[in-house]
Amino acid sequence: MAEMVKVANTDELEPGQGMVAEVRGKEIALFNVDGTFYALNNTCVHRGGPLGEGELDGEVVTCPWHGWEYNVTTGACLTNPSACVARFPVVMEGNEVKVDLEPASPV
């Protein structure tokens, strides 16, 4: 069974925002899309930019370094359809946002 690890409280991340959380040596980009939370590997596959620091527009985050775009619900790269970043399952427990550090299967 997967171990869910707390990465934030719901009140730490407003809808339309992202953040970076370091959990057990992994950098996770956490996003709030209209009250639903999504977690991706924080590293852009293009040049390693921090996705959690990028601008979120709906379900799309733009890497702040070179503008590559990713769908935060799937990890799919919109700039280069052959690329993607790992996404992590998210569970809500009360006001806690928990992430399974084992990546989900690619979409």
# chains A, B, ... in the order shown; residues from 1 in each chain; ligands from 1

$ residues_around --residues "segment 67-79 of chain A" --least-positions-apart "5" --cutoff "8 Å" --atoms "only C-alpha atoms" --output "list in words"
Phe31, Tyr38, Ala39, Leu40, Cys44, His46, Glu59, Val60, Val61, Thr62, Cys84, Val85, Ala86, Arg87, Pro106 and Val107 of chain A

$ write_last_selection --atoms "N, CA, C and O atoms" --output "mmCIF file, in the first residue's frame"
data_model
loop_
_atom_site.group_PDB
_atom_site.id
_atom_site.type_symbol
_atom_site.label_atom_id
_atom_site.label_comp_id
_atom_site.auth_asym_id
_atom_site.auth_seq_id
_atom_site.Cartn_x
_atom_site.Cartn_y
_atom_site.Cartn_z
ATOM 1 N N PHE A 31 -0.188 22.117 -7.252
ATOM 2 C CA PHE A 31 -1.041 23.120 -7.882
ATOM 3 C C PHE A 31 -2.474 22.994 -7.388
ATOM 4 O O PHE A 31 -2.955 21.887 -7.165
ATOM 5 N N TYR A 38 -3.158 19.025 -7.565
ATOM 6 C CA TYR A 38 -2.406 18.148 -8.445
ATOM 7 C C TYR A 38 -0.928 18.278 -8.099
ATOM 8 O O TYR A 38 -0.461 19.360 -7.733
ATOM 9 N N ALA A 39 -0.191 17.171 -8.247
ATOM 10 C CA ALA A 39 1.236 17.174 -7.925
ATOM 11 C C ALA A 39 2.030 16.605 -9.094
ATOM 12 O O ALA A 39 1.673 15.573 -9.667
ATOM 13 N N LEU A 40 3.102 17.310 -9.439
ATOM 14 C CA LEU A 40 4.015 16.895 -10.502
ATOM 15 C C LEU A 40 5.441 16.924 -9.975
ATOM 16 O O LEU A 40 5.744 17.620 -8.998
ATOM 17 N N CYS A 44 11.212 20.722 -14.948
ATOM 18 C CA CYS A 44 10.859 20.763 -16.365
ATOM 19 C C CYS A 44 11.840 19.886 -17.146
ATOM 20 O O CYS A 44 13.051 19.942 -16.912
ATOM 21 N N HIS A 46 12.738 20.173 -20.155
ATOM 22 C CA HIS A 46 13.508 20.937 -21.137
ATOM 23 C C HIS A 46 14.890 21.293 -20.604
ATOM 24 O O HIS A 46 15.901 20.844 -21.130
ATOM 25 N N GLU A 59 -5.556 24.672 -16.206
ATOM 26 C CA GLU A 59 -4.850 23.423 -15.922
ATOM 27 C C GLU A 59 -3.433 23.416 -16.490
ATOM 28 O O GLU A 59 -2.765 22.388 -16.475
ATOM 29 N N VAL A 60 -2.960 24.557 -16.989
ATOM 30 C CA VAL A 60 -1.655 24.614 -17.657
ATOM 31 C C VAL A 60 -0.679 25.473 -16.859
ATOM 32 O O VAL A 60 -0.966 26.625 -16.526
ATOM 33 N N VAL A 61 0.485 24.885 -16.567
ATOM 34 C CA VAL A 61 1.559 25.644 -15.924
ATOM 35 C C VAL A 61 2.636 25.905 -16.969
ATOM 36 O O VAL A 61 2.934 25.056 -17.807
ATOM 37 N N THR A 62 3.190 27.114 -16.923
ATOM 38 C CA THR A 62 4.265 27.507 -17.826
ATOM 39 C C THR A 62 5.561 27.572 -17.037
ATOM 40 O O THR A 62 5.644 28.277 -16.023
ATOM 41 N N CYS A 84 6.896 14.434 -21.045
ATOM 42 C CA CYS A 84 5.982 14.603 -19.921
ATOM 43 C C CYS A 84 6.790 14.605 -18.631
ATOM 44 O O CYS A 84 7.951 14.223 -18.616
ATOM 45 N N VAL A 85 6.164 15.064 -17.565
ATOM 46 C CA VAL A 85 6.770 15.000 -16.238
ATOM 47 C C VAL A 85 5.943 14.049 -15.397
ATOM 48 O O VAL A 85 4.744 13.869 -15.633
ATOM 49 N N ALA A 86 6.579 13.445 -14.405
ATOM 50 C CA ALA A 86 5.882 12.509 -13.527
ATOM 51 C C ALA A 86 4.822 13.253 -12.727
ATOM 52 O O ALA A 86 5.022 14.385 -12.295
ATOM 53 N N ARG A 87 3.683 12.592 -12.567
ATOM 54 C CA ARG A 87 2.635 13.137 -11.710
ATOM 55 C C ARG A 87 2.469 12.189 -10.537
ATOM 56 O O ARG A 87 2.783 11.000 -10.632
ATOM 57 N N PRO A 106 1.935 7.028 -16.583
ATOM 58 C CA PRO A 106 1.731 8.113 -17.548
ATOM 59 C C PRO A 106 0.369 8.000 -18.230
ATOM 60 O O PRO A 106 -0.146 6.907 -18.404
ATOM 61 N N VAL A 107 -0.159 9.149 -18.600
ATOM 62 C CA VAL A 107 -1.454 9.178 -19.278
ATOM 63 C C VAL A 107 -1.245 9.044 -20.764
ATOM 64 O O VAL A 107 -0.317 9.519 -21.326
#

$ closest_atom_pairs --of "segment 49-105 of chain A" --to "segment 9-27 of chain A" --cutoff "6 Å" --atoms "only C-alpha atoms" --output "Markdown table"
| residue | atom | partner | partner_atom | distance |
| --- | --- | --- | --- | --- |
| A:Gly52 | CA | A:Met19 | CA | 4.7 |
| A:Leu56 | CA | A:Gly16 | CA | 5.9 |
| A:Asn95 | CA | A:Thr10 | CA | 5.3 |
| A:Glu96 | CA | A:Asn9 | CA | 4.5 |
| A:Val97 | CA | A:Asn9 | CA | 5.6 |

$ select_by_dssp --residues "chain A" --states "strand (DSSP E)" --output "PyMOL selection string"
chain A and resi 4-9+17-23+26-33+36-41+55-57+60-62+69-71+87-88+90-93+96-100

$ closest_residue --among "A:Val45, A:Pro50, A:Gly35, A:Ala83" --to "Cys63 of chain A" --atoms "only C-alpha atoms"
A:Pro50

$ atom_distance --atom1 "atom CA of Val99 of chain A" --atom2 "atom CA of Val5 of chain A"
5.3 Å

$ atom_distance --atom1 "atom CA of Asn42 of chain A" --atom2 "atom CA of Glu102 of chain A"
14.1 Å

$ residues_around --residues "Lys98 of chain A" --least-positions-apart "4" --cutoff "6 Å" --atoms "only C-alpha atoms" --output "list in words"
Met4, Val5, Lys6, Val7, Val90 and Val91 of chain A

$ atom_distance --atom1 "atom CA of Asn80 of chain A" --atom2 "atom CA of Leu51 of chain A"
15.3 Å

$ closest_residue --among "A:Glu3, A:Gly58, A:Phe88, A:Asp100" --to "Ala29 of chain A" --atoms "only C-alpha atoms"
A:Phe88
